[in-house]
$ cat protein.pdb   # PDB, C-alpha atoms
ATOM      1  CA  SER A   1       0.560  14.127  -8.280
ATOM      2  CA  TYR A   2      -2.994  13.509  -7.126
ATOM      3  CA  THR A   3      -3.928  11.808 -10.393
ATOM      4  CA  GLN A   4      -1.569   8.978  -9.492
ATOM      5  CA  LEU A   5      -3.833   8.276  -6.511
ATOM      6  CA  ASN A   6      -7.074   8.863  -8.402
ATOM      7  CA  PRO A   7      -6.689   8.995 -12.194
ATOM      8  CA  MET A   8     -10.070  10.744 -12.495
ATOM      9  CA  GLY A   9      -8.673  13.580 -10.360
ATOM     10  CA  LYS A  10     -11.784  13.616  -8.184
ATOM     11  CA  VAL A  11     -11.881  14.293  -4.465
ATOM     12  CA  PRO A  12     -12.253  12.866  -1.930
ATOM     13  CA  SER A  13      -9.963   9.879  -2.077
ATOM     14  CA  ILE A  14      -8.119   8.067   0.672
ATOM     15  CA  LEU A  15      -5.102   5.807   0.603
ATOM     16  CA  HIS A  16      -4.842   3.204   3.359
ATOM     17  CA  GLY A  17      -1.926   0.843   2.852
ATOM     18  CA  ASP A  18      -2.279  -0.374  -0.715
ATOM     19  CA  THR A  19      -6.003   0.383  -0.843
ATOM     20  CA  VAL A  20      -7.345   3.455  -2.616
ATOM     21  CA  VAL A  21     -10.978   4.361  -1.981
ATOM     22  CA  THR A  22     -12.827   7.120  -3.809
ATOM     23  CA  GLU A  23     -16.329   8.578  -3.531
ATOM     24  CA  VAL A  24     -17.834   9.687  -0.222
ATOM     25  CA  ALA A  25     -20.191   6.741   0.331
ATOM     26  CA  ALA A  26     -17.473   4.184  -0.408
ATOM     27  CA  ILE A  27     -15.052   5.929   1.963
ATOM     28  CA  CYS A  28     -17.650   5.963   4.755
ATOM     29  CA  THR A  29     -18.383   2.265   4.242
ATOM     30  CA  TYR A  30     -14.689   1.412   4.112
ATOM     31  CA  LEU A  31     -13.959   3.263   7.353
ATOM     32  CA  ALA A  32     -16.972   1.727   9.115
ATOM     33  CA  ASP A  33     -15.845  -1.757   8.048
ATOM     34  CA  LEU A  34     -12.277  -1.005   9.099
ATOM     35  CA  VAL A  35     -13.225  -0.281  12.730
ATOM     36  CA  PRO A  36     -16.574  -2.003  13.420
ATOM     37  CA  GLU A  37     -16.082  -1.666  17.191
ATOM     38  CA  LYS A  38     -16.519   2.116  16.831
ATOM     39  CA  GLU A  39     -20.081   1.608  15.512
ATOM     40  CA  LEU A  40     -19.761   4.355  12.893
ATOM     41  CA  VAL A  41     -22.999   3.226  11.240
ATOM     42  CA  PRO A  42     -26.240   2.314  12.976
ATOM     43  CA  PRO A  43     -27.086  -1.407  13.288
TER      44      PRO A  43
END

$ encode --input "protein.pdb" --output "structure tokens"
Amino acid sequence: SYTQLNPMGKVPSILHGDTVVTEVAAICTYLADLVPEKELVPP
């Protein structure tokens, strides 16, 4: 069930490998750090 991924039951959450990231801002930061060559955030 979803609460196994995020015990608080909140959305959004992402699972990437063994890493679980919750909360919109944290997900955006995680994705930007994951692929810096895509320049997902301004310098």

$ atom_distance --input "protein.pdb" --atom1 "CA of Asn6 (chain A)" --atom2 "CA of Pro36 (chain A)"
26.2 Å

$ resolve_selection --input "protein.pdb" --expression "the PyMOL selection byres ((chain A and resi 2) around 12)" --output "PyMOL selection string"
chain A and resi 1+3-15+20

$ atom_distance --input "protein.pdb" --atom1 "CA of Val21 (chain A)" --atom2 "CA of Val35 (chain A)"
15.6 Å

$ atom_distance --input "protein.pdb" --atom1 "CA of Ala25 (chain A)" --atom2 "CA of Glu37 (chain A)"
19.3 Å

$ residues_around --input "protein.pdb" --residues "Cys28 (chain A)" --least-positions-apart "4" --cutoff "9 Å" --atoms "all atoms listed in the file" --output "list in words"
Glu23, Val24, Ala32, Asp33, Leu40 and Val41 of chain A

$ decode --input "protein.pdb" --residues "region 1-26 of chain A" --atoms "C-alpha atoms" --output "mmCIF file, in the first residue's frame"
data_model
loop_
_atom_site.group_PDB
_atom_site.id
_atom_site.type_symbol
_atom_site.label_atom_id
_atom_site.label_comp_id
_atom_site.auth_asym_id
_atom_site.auth_seq_id
_atom_site.Cartn_x
_atom_site.Cartn_y
_atom_site.Cartn_z
ATOM 1 C CA SER A 1 0.000 0.000 0.000
ATOM 2 C CA TYR A 2 1.001 3.632 -0.385
ATOM 3 C CA THR A 3 1.657 4.011 3.338
ATOM 4 C CA GLN A 4 4.584 1.627 2.975
ATOM 5 C CA LEU A 5 6.190 4.225 0.701
ATOM 6 C CA ASN A 6 5.120 7.211 2.789
ATOM 7 C CA PRO A 7 3.848 6.326 6.274
ATOM 8 C CA MET A 8 2.151 9.737 6.540
ATOM 9 C CA GLY A 9 0.063 8.816 3.483
ATOM 10 C CA LYS A 10 0.738 12.189 1.875
ATOM 11 C CA VAL A 11 1.212 12.828 -1.822
ATOM 12 C CA PRO A 12 3.341 13.450 -3.740
ATOM 13 C CA SER A 13 6.104 10.983 -3.057
ATOM 14 C CA ILE A 14 8.626 9.420 -5.389
ATOM 15 C CA LEU A 15 10.706 6.288 -5.101
ATOM 16 C CA HIS A 16 14.012 6.244 -6.974
ATOM 17 C CA GLY A 17 16.059 3.148 -6.229
ATOM 18 C CA ASP A 18 16.153 2.941 -2.450
ATOM 19 C CA THR A 19 15.459 6.653 -2.005
ATOM 20 C CA VAL A 20 12.021 7.929 -1.039
ATOM 21 C CA VAL A 21 11.414 11.663 -1.372
ATOM 22 C CA THR A 22 8.267 13.413 -0.187
ATOM 23 C CA GLU A 23 7.023 17.003 -0.365
ATOM 24 C CA VAL A 24 6.987 19.006 -3.595
ATOM 25 C CA ALA A 25 10.004 21.231 -2.902
ATOM 26 C CA ALA A 26 12.172 18.287 -1.850
#
